[in-house]
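Undergrad: My questions all concern the structure below.
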Amino acid sequence: MKTSLFSRDALAEPTPLRASARARLAAVARAAATATLMLTAATQLSGCFPVIAGAMGAGVMSATDRRPTSIQAVDRGLQLEIENTLATRYSGAARVNVTVFNKKVLLTGEVKDANLRQQIEQYVRGLPNAREVVNELEVVSSPSFAAQSQDAFVTSKVKTMLMTAEGVPSNSTKVTTERGVVYLMGLVTRPEGDRATETARNVGGVSKVVKVFDYIDETERARLDAAASSQNAAPGEPVGGTPAPVQGTPGTAAPTTSTPAPVGTDLSSPATAPTTAPTTAPIPGPVGLPPGRNLP
């Protein structure tokens, strides 16, 4: 029988040389793993920053939204209802993005034919809480989800720029992107809307900006901002350096069942204006709906 140079027992017991080699290999492996993670993070952080910043800003936005809390709840419920219904009825035949702000419903995406486009609009217009419908659905032979990832990235970049732009109420502006076209909704004055539009136009990946704002004057802006600050302050907490007003007195925040003053639909340049007629009717009181997801 041949005698092996290394017995099984000798292999089982680590020698100082073998232990040292194993330690060096483990150290090299850890260093390689750390370098890989750092490289991955470095390549992804630049793309993720707008998303992170947008998520951080969402809490601030909801805290100072110019919409009364009752309208915010209606908007969330209305969006959830429309999304669930369209997904059930038209799965595979349409890809519809639903955005709701101040009971105005914006429909973007793709449908397979003009008849389906009209059906969807009629359904939404028939909902009691839908004050106005802006139908920007495109008719294509085969609705696709391919561009959604890029559109989401553009939206996050626009939101980040609006948050840092001077004179732009990002807390009262909603952004939606469809195939590089950015739609801006919100309760803004005309100068605020113009600044928001110009800011969005300068973001990479934006091919066009469409204004779908509800315009208010400076008096209404001041009232809504004061109301938003009051309804989000703790009971008895001073707002703007003065004692918190008692709800219901002149010049104070309106009760949650009240709504902003009459608002109008944006009539921007012919190339970008949605084809909807202006409205001056007050917003009707909300109808109870199940709460939906937090809007971006």
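FYI, nothing fancy with the structure tokens labels: chains A, B, ... in order, residues from 1 per chain, ligands from 1 as they appear.
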Name the residues in contact with Ala196 in chain A at a cut-off of 12 Å, using only C-alpha atoms, excluding same-chain residues fewer than 5 positions from it; report them as number ranges by chain.

TA: A: 158-175, 182-191, 201-203, 209-213

Undergrad: Please compute the CA of Ala93 in chain A-CA of Thr177 in chain A distance, one decimal, in Å.

TA: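 Calculated distance between CA of Ala93 in chain A and CA of Thr177 in chain A is 20.4 Å.
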
Undergrad: I'd like the contact shell of range 109-111 of chain A - 10 Å cut-off, only C-alpha atoms, skipping same-chain residues fewer than 6 positions apart - returned as a PDB file with C-alpha atoms, in the first residue's frame.

TA:
```pdb
ATOM      1  CA  TYR A  90     -60.104  46.995 -20.011  1.00  0.00           C
ATOM      2  CA  GLY A  92     -54.888  44.400 -22.072  1.00  0.00           C
ATOM      3  CA  ALA A  93     -56.891  46.821 -24.203  1.00  0.00           C
ATOM      4  CA  ALA A  94     -55.799  50.021 -22.480  1.00  0.00           C
ATOM      5  CA  ARG A  95     -52.997  51.387 -20.340  1.00  0.00           C
ATOM      6  CA  VAL A  96     -54.455  54.335 -18.457  1.00  0.00           C
ATOM      7  CA  ASN A  97     -52.669  56.537 -15.928  1.00  0.00           C
ATOM      8  CA  VAL A  98     -55.124  58.331 -13.660  1.00  0.00           C
ATOM      9  CA  ARG A 117     -61.114  56.165 -25.496  1.00  0.00           C
ATOM     10  CA  GLN A 118     -64.615  57.640 -25.535  1.00  0.00           C
ATOM     11  CA  ILE A 120     -63.405  55.520 -20.645  1.00  0.00           C
ATOM     12  CA  ASN A 135     -58.703  63.160 -21.678  1.00  0.00           C
ATOM     13  CA  GLU A 136     -55.167  62.914 -23.092  1.00  0.00           C
ATOM     14  CA  LEU A 137     -55.356  59.201 -24.005  1.00  0.00           C
ATOM     15  CA  GLU A 138     -53.627  58.291 -27.260  1.00  0.00           C
ATOM     16  CA  VAL A 139     -54.983  55.721 -29.684  1.00  0.00           C
ATOM     17  CA  VAL A 140     -52.359  53.103 -30.588  1.00  0.00           C
ATOM     18  CA  SER A 141     -52.663  49.644 -32.082  1.00  0.00           C
ATOM     19  CA  SER A 142     -50.944  47.943 -29.153  1.00  0.00           C
ATOM     20  CA  PRO A 143     -50.788  49.674 -25.734  1.00  0.00           C
ATOM     21  CA  SER A 144     -47.310  49.261 -24.256  1.00  0.00           C
ATOM     22  CA  PHE A 145     -45.689  49.607 -20.828  1.00  0.00           C
ATOM     23  CA  GLN A 148     -43.167  53.838 -18.107  1.00  0.00           C
ATOM     24  CA  THR A 177     -45.293  62.186 -17.425  1.00  0.00           C
ATOM     25  CA  GLU A 178     -46.401  60.234 -20.480  1.00  0.00           C
ATOM     26  CA  ARG A 179     -43.878  59.479 -23.249  1.00  0.00           C
TER      27      ARG A 179
END
```
